[in-house]
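*Asks:* Pasting model-v6.cif below, which is mmCIF, C-alpha atoms.
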data_protein
#
loop_
_atom_site.label_atom_id
_atom_site.label_comp_id
_atom_site.auth_asym_id
_atom_site.auth_seq_id
_atom_site.Cartn_x
_atom_site.Cartn_y
_atom_site.Cartn_z
CA MET A 25 0.00 0.00 0.00
CA LEU A 26 1.16 3.56 -0.79
CA PRO A 27 2.20 5.89 2.04
CA ILE A 28 -0.76 7.82 3.46
CA VAL A 29 -0.69 11.48 4.48
CA LEU A 30 -3.56 12.82 6.60
CA ALA A 31 -4.11 16.53 5.86
CA SER A 32 -5.83 17.15 9.19
CA ALA A 33 -4.86 18.05 12.75
CA SER A 34 -7.92 16.28 14.20
CA PRO A 35 -6.99 13.74 16.87
CA ARG A 36 -10.27 11.90 16.12
CA ARG A 37 -9.39 11.35 12.45
CA ARG A 38 -5.95 10.18 13.50
CA ALA A 39 -7.45 7.73 16.00
CA LEU A 40 -9.77 6.26 13.34
CA LEU A 41 -6.94 5.56 10.89
CA GLU A 42 -4.95 4.01 13.73
CA GLN A 43 -7.95 1.91 14.74
CA VAL A 44 -8.14 0.24 11.32
CA GLY A 45 -4.42 -0.49 11.39
CA LEU A 46 -3.15 1.99 8.80
CA ASP A 47 0.25 3.67 8.94
CA PHE A 48 0.20 7.33 8.02
CA GLU A 49 1.84 10.73 8.47
CA VAL A 50 0.02 13.85 9.65
CA PHE A 51 0.32 17.06 7.67
CA PRO A 52 -2.23 19.65 8.84
CA THR A 53 -2.83 22.58 6.50
CA ASP A 54 -4.11 26.07 7.01
CA VAL A 55 -6.70 26.81 4.31
CA ASP A 56 -9.30 29.51 3.80
CA GLU A 57 -12.55 27.99 5.10
CA THR A 58 -14.87 30.46 3.33
CA VAL A 59 -17.08 28.63 0.85
CA GLN A 60 -19.72 29.86 -1.58
CA TRP A 61 -21.61 26.59 -1.93
CA GLU A 62 -25.16 26.72 -0.65
CA GLU A 63 -25.41 22.97 -0.22
CA PRO A 64 -23.45 21.69 2.81
CA VAL A 65 -22.72 18.40 0.98
CA TRP A 66 -20.75 20.37 -1.60
CA ALA A 67 -19.15 22.74 0.89
CA VAL A 68 -17.57 19.95 2.98
CA GLN A 69 -16.22 18.31 -0.16
CA GLU A 70 -14.78 21.62 -1.38
CA LEU A 71 -13.05 22.17 1.97
CA ALA A 72 -11.76 18.60 2.07
CA CYS A 73 -10.26 19.16 -1.39
CA ARG A 74 -8.62 22.45 -0.38
CA LYS A 75 -6.97 20.71 2.59
CA ALA A 76 -5.79 17.73 0.53
CA ARG A 77 -4.50 19.93 -2.32
CA ALA A 78 -2.58 22.21 0.06
CA ALA A 79 -0.92 19.20 1.68
CA ALA A 80 -0.25 17.65 -1.73
CA GLN A 81 1.47 20.79 -3.00
CA ALA A 82 3.66 20.89 0.07
CA SER A 83 4.41 17.21 -0.39
CA VAL A 84 5.44 17.71 -4.02
CA LYS A 85 7.82 20.49 -2.99
CA LYS A 86 9.28 18.41 -0.20
CA ASP A 87 9.68 15.19 -2.12
CA PRO A 88 8.82 15.22 -5.85
CA ILE A 89 9.74 11.56 -6.23
CA ARG A 90 7.69 9.81 -3.61
CA ASP A 91 4.19 8.52 -4.44
CA ALA A 92 1.46 8.83 -1.78
CA TRP A 93 -2.21 9.19 -0.94
CA ILE A 94 -3.02 12.54 0.65
CA ILE A 95 -6.34 12.65 2.46
CA GLY A 96 -8.34 15.74 3.43
CA ALA A 97 -11.68 15.76 5.25
CA ASP A 98 -14.25 18.17 6.61
CA THR A 99 -17.32 17.41 8.73
CA VAL A 100 -20.54 19.34 9.37
CA VAL A 101 -23.81 18.67 11.11
CA VAL A 102 -26.99 19.69 9.30
CA HIS A 103 -30.29 20.03 11.13
CA ARG A 104 -33.46 21.21 9.36
CA GLY A 105 -31.35 22.73 6.60
CA LYS A 106 -29.15 24.66 9.02
CA VAL A 107 -25.41 23.97 9.16
CA LEU A 108 -23.97 23.53 12.65
CA GLY A 109 -20.20 23.90 12.86
CA LYS A 110 -18.12 24.07 16.02
CA PRO A 111 -19.81 26.16 18.73
CA ALA A 112 -18.19 29.55 19.38
CA ASP A 113 -18.98 29.46 23.09
CA ARG A 114 -21.01 27.68 25.78
CA GLN A 115 -24.27 29.41 24.80
CA ALA A 116 -23.82 28.39 21.15
CA ALA A 117 -23.29 24.79 22.32
CA VAL A 118 -26.46 24.91 24.45
CA ASP A 119 -28.42 26.32 21.47
CA MET A 120 -27.15 23.60 19.12
CA LEU A 121 -27.91 20.80 21.59
CA SER A 122 -31.38 22.25 22.25
CA ALA A 123 -32.06 22.06 18.50
CA LEU A 124 -30.68 18.53 18.07
CA GLN A 125 -32.35 16.85 21.08
CA GLY A 126 -35.41 14.71 20.31
CA GLU A 127 -34.78 14.94 16.55
CA THR A 128 -32.84 13.39 13.67
CA HIS A 129 -30.05 15.25 11.87
CA SER A 130 -27.42 14.45 9.27
CA VAL A 131 -23.66 14.39 9.58
CA TYR A 132 -21.74 14.96 6.36
CA THR A 133 -18.05 14.29 5.97
CA GLY A 134 -16.47 15.41 2.73
CA VAL A 135 -13.37 13.46 1.74
CA CYS A 136 -10.77 14.24 -0.87
CA ALA A 137 -7.97 11.80 -1.64
CA VAL A 138 -5.16 13.08 -3.81
CA ARG A 139 -3.02 10.42 -5.45
CA LYS A 140 0.43 11.88 -5.86
CA GLN A 141 2.54 10.17 -8.53
CA GLY A 142 5.72 12.18 -8.65
CA THR A 143 4.48 15.66 -9.44
CA ALA A 144 1.18 14.49 -10.99
CA LEU A 145 -1.90 14.78 -8.78
CA ARG A 146 -5.15 12.86 -9.32
CA GLU A 147 -8.17 13.62 -7.13
CA THR A 148 -11.03 11.47 -5.88
CA ALA A 149 -13.70 13.12 -3.75
CA PHE A 150 -17.04 12.19 -2.20
CA THR A 151 -19.34 13.10 0.67
CA GLU A 152 -20.68 10.51 3.09
CA GLU A 153 -23.90 11.05 5.05
CA THR A 154 -24.94 9.44 8.33
CA LYS A 155 -28.30 10.09 9.98
CA VAL A 156 -28.23 10.48 13.76
CA SER A 157 -31.25 10.44 16.08
CA VAL A 158 -30.85 12.03 19.51
CA HIS A 159 -32.95 11.23 22.58
CA GLU A 160 -34.96 14.01 24.17
CA MET A 161 -32.89 15.94 26.69
CA GLU A 162 -33.98 18.05 29.63
CA MET A 163 -32.42 21.53 29.86
CA TRP A 164 -30.40 20.46 32.93
CA GLU A 165 -28.94 17.59 30.90
CA ILE A 166 -27.95 19.97 28.11
CA GLU A 167 -26.36 22.36 30.61
CA GLU A 168 -24.59 19.53 32.39
CA TYR A 169 -23.24 18.22 29.08
CA ALA A 170 -22.12 21.70 28.00
CA ASP A 171 -20.23 21.96 31.30
CA THR A 172 -18.12 18.90 30.43
CA LEU A 173 -16.53 21.03 27.66
CA GLU A 174 -16.77 17.99 25.38
CA PRO A 175 -18.94 20.02 22.91
CA MET A 176 -16.45 22.84 22.43
CA ASP A 177 -14.34 21.66 19.49
CA LYS A 178 -16.95 19.42 17.85
CA ALA A 179 -19.23 20.13 14.87
CA GLY A 180 -22.80 20.14 16.20
CA ALA A 181 -21.51 20.49 19.78
CA TYR A 182 -21.35 16.79 20.61
CA ALA A 183 -18.99 13.80 20.49
CA ILE A 184 -20.72 10.52 19.59
CA GLN A 185 -17.57 8.71 20.77
CA GLY A 186 -17.72 10.48 24.14
CA ILE A 187 -20.18 11.08 26.96
CA PHE A 188 -22.86 12.07 24.44
CA ALA A 189 -23.28 8.36 23.50
CA ARG A 190 -25.83 8.22 26.32
CA TYR A 191 -28.10 10.47 24.26
CA ILE A 192 -27.75 8.76 20.84
CA ARG A 193 -30.94 6.83 20.07
CA CYS A 194 -29.72 5.32 16.79
CA ILE A 195 -27.76 6.05 13.65
CA GLU A 196 -28.17 5.04 10.03
CA GLY A 197 -24.92 4.83 8.08
CA ASP A 198 -21.26 4.76 9.03
CA TYR A 199 -20.46 5.48 12.70
CA CYS A 200 -16.87 6.53 11.91
CA ASN A 201 -18.27 9.15 9.54
CA VAL A 202 -19.92 10.85 12.54
CA VAL A 203 -16.63 10.75 14.45
CA GLY A 204 -15.02 12.52 11.48
CA LEU A 205 -13.75 10.12 8.81
CA PRO A 206 -15.61 7.42 6.83
CA VAL A 207 -12.72 4.98 7.04
CA ALA A 208 -14.55 2.03 5.49
CA ARG A 209 -15.42 3.91 2.30
CA ILE A 210 -11.94 5.46 2.14
CA PHE A 211 -10.43 2.01 2.49
CA GLN A 212 -12.82 0.28 0.06
CA GLU A 213 -12.94 2.88 -2.70
CA ILE A 214 -9.48 4.42 -2.50
CA LEU A 215 -6.70 2.84 -0.49
CA LYS A 216 -7.50 -0.76 -1.35
CA ASN A 217 -7.04 -0.17 -5.07
CA GLY A 218 -3.56 1.25 -4.67
CA MET B 180 -27.69 8.23 40.89
CA LEU B 181 -27.59 4.79 42.53
CA PRO B 182 -24.34 2.78 42.55
CA ILE B 183 -23.97 0.64 39.42
CA VAL B 184 -22.62 -2.90 39.36
CA LEU B 185 -21.63 -4.39 35.99
CA ALA B 186 -22.11 -8.17 36.04
CA SER B 187 -19.66 -8.75 33.20
CA ALA B 188 -15.93 -9.28 32.76
CA SER B 189 -15.97 -7.75 29.25
CA PRO B 190 -13.43 -4.94 28.85
CA ARG B 191 -15.58 -3.53 26.00
CA ARG B 192 -18.65 -3.15 28.23
CA ARG B 193 -16.51 -1.55 30.88
CA ALA B 194 -15.06 0.91 28.34
CA LEU B 195 -18.56 1.91 27.16
CA LEU B 196 -19.78 2.73 30.67
CA GLU B 197 -16.58 4.70 31.26
CA GLN B 198 -17.04 6.54 27.95
CA VAL B 199 -20.43 7.91 29.01
CA GLY B 200 -19.01 9.04 32.33
CA LEU B 201 -20.64 6.55 34.70
CA ASP B 202 -19.01 5.26 37.88
CA PHE B 203 -19.48 1.55 38.47
CA GLU B 204 -18.06 -1.58 40.03
CA VAL B 205 -17.35 -4.79 38.14
CA PHE B 206 -18.68 -8.09 39.42
CA PRO B 207 -18.33 -10.85 36.83
CA THR B 208 -20.37 -13.98 37.40
CA ASP B 209 -20.04 -17.55 36.29
CA VAL B 210 -23.42 -18.76 35.04
CA ASP B 211 -24.59 -21.76 33.05
CA GLU B 212 -24.83 -20.51 29.45
CA THR B 213 -27.07 -23.35 28.21
CA VAL B 214 -30.40 -21.96 27.04
CA GLN B 215 -33.51 -23.64 25.67
CA TRP B 216 -34.91 -20.63 23.80
CA GLU B 217 -35.10 -21.06 20.06
CA GLU B 218 -35.21 -17.34 19.40
CA PRO B 219 -31.82 -15.64 19.91
CA VAL B 220 -33.55 -12.41 21.06
CA TRP B 221 -34.97 -14.34 24.03
CA ALA B 222 -31.79 -16.33 24.68
CA VAL B 223 -29.57 -13.25 25.09
CA GLN B 224 -32.11 -11.70 27.44
CA GLU B 225 -32.31 -14.90 29.49
CA LEU B 226 -28.51 -15.02 29.80
CA ALA B 227 -28.32 -11.33 30.68
CA CYS B 228 -30.85 -11.97 33.46
CA ARG B 229 -28.94 -14.98 34.81
CA LYS B 230 -25.76 -12.87 35.02
CA ALA B 231 -27.50 -9.93 36.69
CA ARG B 232 -29.39 -12.17 39.14
CA ALA B 233 -26.22 -14.05 40.15
CA ALA B 234 -24.42 -10.77 40.81
CA ALA B 235 -27.47 -9.38 42.63
CA GLN B 236 -27.63 -12.41 44.94
CA ALA B 237 -23.95 -12.06 45.76
CA SER B 238 -24.48 -8.36 46.35
CA VAL B 239 -27.37 -8.99 48.77
CA LYS B 240 -25.21 -11.42 50.75
CA LYS B 241 -22.30 -9.00 50.85
CA ASP B 242 -24.26 -5.88 51.71
CA PRO B 243 -28.01 -6.29 52.38
CA ILE B 244 -28.43 -2.58 53.12
CA ARG B 245 -26.99 -0.88 50.08
CA ASP B 246 -29.23 -0.04 47.10
CA ALA B 247 -27.80 -0.47 43.58
CA TRP B 248 -28.42 -1.19 39.94
CA ILE B 249 -26.90 -4.49 38.81
CA ILE B 250 -26.52 -4.83 35.06
CA GLY B 251 -26.06 -8.04 33.08
CA ALA B 252 -25.68 -8.29 29.30
CA ASP B 253 -25.17 -10.86 26.58
CA THR B 254 -24.48 -10.29 22.87
CA VAL B 255 -24.93 -12.51 19.81
CA VAL B 256 -24.66 -12.08 16.07
CA VAL B 257 -27.45 -13.58 13.95
CA HIS B 258 -27.00 -14.15 10.23
CA ARG B 259 -29.72 -15.79 8.11
CA GLY B 260 -31.27 -17.26 11.26
CA LYS B 261 -28.01 -18.75 12.45
CA VAL B 262 -26.51 -17.65 15.78
CA LEU B 263 -22.80 -16.82 15.67
CA GLY B 264 -21.10 -16.76 19.06
CA LYS B 265 -17.37 -16.48 19.73
CA PRO B 266 -15.32 -18.54 17.25
CA ALA B 267 -13.74 -21.68 18.72
CA ASP B 268 -10.64 -21.40 16.53
CA ARG B 269 -9.17 -19.65 13.49
CA GLN B 270 -11.13 -21.81 11.03
CA ALA B 271 -14.41 -21.00 12.78
CA ALA B 272 -13.53 -17.29 12.54
CA VAL B 273 -12.81 -17.60 8.81
CA ASP B 274 -16.13 -19.43 8.30
CA MET B 275 -18.09 -16.77 10.20
CA LEU B 276 -16.43 -13.89 8.34
CA SER B 277 -17.02 -15.66 5.00
CA ALA B 278 -20.72 -15.82 5.84
CA LEU B 279 -20.97 -12.20 7.02
CA GLN B 280 -19.03 -10.48 4.18
CA GLY B 281 -21.17 -8.76 1.55
CA GLU B 282 -24.34 -9.18 3.62
CA THR B 283 -26.39 -7.66 6.41
CA HIS B 284 -26.75 -9.32 9.81
CA SER B 285 -28.21 -8.42 13.19
CA VAL B 286 -26.47 -7.94 16.52
CA TYR B 287 -28.64 -8.52 19.58
CA THR B 288 -27.63 -7.49 23.07
CA GLY B 289 -29.87 -8.64 25.88
CA VAL B 290 -29.78 -6.45 28.96
CA CYS B 291 -31.09 -7.11 32.45
CA ALA B 292 -30.99 -4.45 35.12
CA VAL B 293 -31.76 -5.57 38.65
CA ARG B 294 -32.75 -2.80 41.06
CA LYS B 295 -31.62 -3.90 44.50
CA GLN B 296 -33.44 -2.16 47.34
CA GLY B 297 -32.09 -3.79 50.45
CA THR B 298 -32.93 -7.47 49.88
CA ALA B 299 -35.75 -6.77 47.39
CA LEU B 300 -34.88 -7.25 43.70
CA ARG B 301 -36.84 -5.73 40.82
CA GLU B 302 -35.90 -6.67 37.24
CA THR B 303 -36.09 -4.75 33.96
CA ALA B 304 -34.99 -6.54 30.80
CA PHE B 305 -34.96 -5.86 27.07
CA THR B 306 -33.12 -6.82 23.90
CA GLU B 307 -31.71 -4.22 21.52
CA GLU B 308 -31.09 -4.96 17.84
CA THR B 309 -28.66 -3.24 15.47
CA LYS B 310 -28.37 -4.15 11.79
CA VAL B 311 -24.85 -4.27 10.38
CA SER B 312 -23.89 -4.37 6.68
CA VAL B 313 -20.43 -5.67 5.82
CA HIS B 314 -18.51 -4.88 2.63
CA GLU B 315 -17.52 -7.75 0.35
CA MET B 316 -14.22 -9.26 1.41
CA GLU B 317 -11.70 -11.25 -0.61
CA MET B 318 -10.51 -14.51 0.97
CA TRP B 319 -7.04 -13.00 1.56
CA GLU B 320 -8.65 -10.15 3.47
CA ILE B 321 -10.56 -12.59 5.65
CA GLU B 322 -7.39 -14.62 6.29
CA GLU B 323 -5.38 -11.49 7.00
CA TYR B 324 -8.04 -10.28 9.46
CA ALA B 325 -8.22 -13.69 11.16
CA ASP B 326 -4.43 -13.50 11.60
CA THR B 327 -4.75 -10.31 13.65
CA LEU B 328 -6.43 -12.45 16.34
CA GLU B 329 -8.95 -9.62 16.83
CA PRO B 330 -11.82 -12.03 15.96
CA MET B 331 -11.00 -14.60 18.62
CA ASP B 332 -13.00 -13.43 21.63
CA LYS B 333 -15.77 -11.60 19.75
CA ALA B 334 -19.29 -12.77 18.89
CA GLY B 335 -19.46 -13.07 15.09
CA ALA B 336 -15.64 -13.04 14.89
CA TYR B 337 -15.22 -9.28 14.45
CA ALA B 338 -14.74 -6.06 16.42
CA ILE B 339 -16.59 -3.06 14.95
CA GLN B 340 -14.51 -0.84 17.24
CA GLY B 341 -11.27 -2.36 15.91
CA ILE B 342 -9.58 -3.04 12.58
CA PHE B 343 -12.82 -4.47 11.21
CA ALA B 344 -14.24 -0.92 10.92
CA ARG B 345 -12.65 -0.84 7.47
CA TYR B 346 -15.17 -3.48 6.36
CA ILE B 347 -18.35 -2.00 7.90
CA ARG B 348 -20.50 -0.48 5.15
CA CYS B 349 -23.19 0.91 7.45
CA ILE B 350 -25.24 0.18 10.53
CA GLU B 351 -28.83 0.87 11.53
CA GLY B 352 -29.38 1.31 15.25
CA ASP B 353 -27.10 1.84 18.23
CA TYR B 354 -23.36 1.47 17.56
CA CYS B 355 -22.58 0.78 21.22
CA ASN B 356 -24.99 -2.15 21.08
CA VAL B 357 -22.70 -3.80 18.51
CA VAL B 358 -19.69 -3.21 20.77
CA GLY B 359 -21.60 -5.00 23.56
CA LEU B 360 -23.82 -2.68 25.59
CA PRO B 361 -26.65 -0.34 24.46
CA VAL B 362 -25.61 2.43 26.86
CA ALA B 363 -28.05 5.04 25.58
CA ARG B 364 -31.11 2.84 26.18
CA ILE B 365 -29.74 1.68 29.54
CA PHE B 366 -29.22 5.28 30.53
CA GLN B 367 -32.54 6.57 29.17
CA GLU B 368 -34.83 3.78 30.33
CA ILE B 369 -33.16 2.64 33.53
CA LEU B 370 -30.42 4.67 35.19
CA LYS B 371 -31.91 8.09 34.51
CA ASN B 372 -35.07 7.27 36.45
CA GLY B 373 -33.19 6.25 39.58
#
Could you spell out this file's structure in structure tokens?

*Replies:*
Amino acid sequence: MLPIVLASASPRRRALLEQVGLDFEVFPTDVDETVQWEEPVWAVQELACRKARAAAQASVKKDPIRDAWIIGADTVVVHRGKVLGKPADRQAAVDMLSALQGETHSVYTGVCAVRKQGTALRETAFTEETKVSVHEMEMWEIEEYADTLEPMDKAGAYAIQGIFARYIRCIEGDYCNVVGLPVARIFQEILKNG
Amino acid sequence: MLPIVLASASPRRRALLEQVGLDFEVFPTDVDETVQWEEPVWAVQELACRKARAAAQASVKKDPIRDAWIIGADTVVVHRGKVLGKPADRQAAVDMLSALQGETHSVYTGVCAVRKQGTALRETAFTEETKVSVHEMEMWEIEEYADTLEPMDKAGAYAIQGIFARYIRCIEGDYCNVVGLPVARIFQEILKNG
């Protein structure tokens, strides 16, 4: 298998690749996150591609010879047509959780894999959706959860792989996609075929 | 919240309760696992109850005064009506994985929660189902996965929370239920109400 470069600083994405037994390097990038797309499914894919391309360019400069897969990803939560990113503060987290409780929302992770062959770059990109249903929560439960600080750096203000699992009624789709990286689809459609 | 006693030696169940921030003690029991039920959904519930009852009895002897929740659980994988437990050896693991690849199966976890109030015991039991779809696997992938030894102590010969995540196409239901304990339902229906 080709070397893998993860164009993301997210410890969750790193943990998922480690979980499925893949060796990889981490190369976080700093890209402009302003997007014009109205549809969140396109926006996450666009951002994933920006991250992967930025890392790929740096990789070409650093080592024009070596072949590799460079993977970028971006995740958002969409509820009733509204995009929920990372909460700016505690109140924003409480507002997001108040909207999500008792309802079903979608998590979209856009993925872009750049195949670097010398200086040539070939892109594959897709967006994976998982539906997530949350139990009803009392306001004191929302406040208590916000106080754990777990919501603060998470899209939609929750971590399915954390304490918030006690409020997840069910999901439909790939669990890892909600954590931040659809590893099965990445493995099946991209890495497996060299 | 009342003290919680987990009547299981499973490190996965322990990790799930820890993940959702619950304090608990572990009290594994040694019960007869022979069941007469033809339906796996009833069998797992019966076994969960035997485990919880055995731990509850020991708990009453040890400390008749203290109130607690005692939780037992049992998990099986069912594919085309056939129950898949833990594989006896490598060949059994390969056979199970060969059956599961490219298809959808169900994971059932039976749960029994015994509410100990002094010497009085009140039982609540249910079985939670999650559907799991597995990508197609080549024989070399099955063999390679069997060689990791990850399948050996897992019902159905795989760990969704391990390397096998690369082969999980999607699930429908509670992810934690596949790992071994439906923590959200336990929390929502049992622990939350004291």

*Asks:* Per residue of chain A within 7 Å of chain B, record the nearest atom pair and its distance in Å to one decimal, counting only C-alpha atoms, with rows in chain order and ascending residue number, as a tab-separated table.

*Replies:*
residue	atom	partner	partner_atom	distance
A:Gln43	CA	B:Gly341	CA	5.5
A:Val44	CA	B:Ile342	CA	3.8
A:Gly45	CA	B:Ile342	CA	5.9
A:Gly186	CA	B:Gln198	CA	5.5
A:Ile187	CA	B:Val199	CA	3.8
A:Phe188	CA	B:Val199	CA	6.6
A:Ala189	CA	B:Ala363	CA	6.2
A:Arg190	CA	B:Ala363	CA	3.9
A:Tyr191	CA	B:Ala363	CA	5.6
A:Ile192	CA	B:Ala363	CA	6.0
A:Arg193	CA	B:Ala363	CA	6.5
A:Cys194	CA	B:Gly352	CA	4.3
A:Ile195	CA	B:Gly352	CA	5.3
A:Glu196	CA	B:Glu351	CA	4.5
A:Gly197	CA	B:Cys349	CA	4.3
A:Asp198	CA	B:Cys349	CA	4.6
A:Tyr199	CA	B:Tyr354	CA	6.9
A:Val207	CA	B:Arg345	CA	5.8
A:Ala208	CA	B:Arg345	CA	4.0
A:Phe211	CA	B:Arg345	CA	6.2

*Asks:* Taking only C-alpha atoms into account, which of B:Glu217, B:Pro190, B:Glu204, B:Pro243 comes nearest Leu300 (chain B)?

*Replies:*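 Smallest separation from Leu300 (chain B) among the options: B:Pro243.
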
*Asks:* The PyMOL selection byres ((chain B and resi 301) around 12) - which residues does that actually catch in the file I just gave you? List them as a list of chain:residue names.

*Replies:*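 When the PyMOL selection byres ((chain B and resi 301) around 12) is applied to the shown file, the picked residues are B:Cys228, B:Ala231, B:Arg232, B:Ala235, B:Asp246, B:Ala247, B:Trp248, B:Ile249, B:Ile250, B:Cys291, B:Ala292, B:Val293, B:Arg294, B:Lys295, B:Gln296, B:Gly297, B:Thr298, B:Ala299, B:Leu300, B:Glu302, B:Thr303, B:Ala304, B:Ile369.
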
*Asks:* Taking the file as shown, find all residues satisfying the PyMOL selection byres ((chain A and resi 182) around 12) and write them as a PyMOL selection string.

*Replies:* chain A and resi 100-101+108-111+116-122+124-125+131+156+158+166+169-181+183-192+202-204

*Asks:* Given 3 Å on each side, where is the centre and what are the edge lengths in Å to one decimal of the axis-aligned box enclosing the listed atoms of region 168-172 of chain A, as lines of an AutoDock Vina configuration file?

*Replies:*
center_x = -21.4
center_y = 20.1
center_z = 30.2
size_x = 12.5
size_y = 9.7
size_z = 10.4
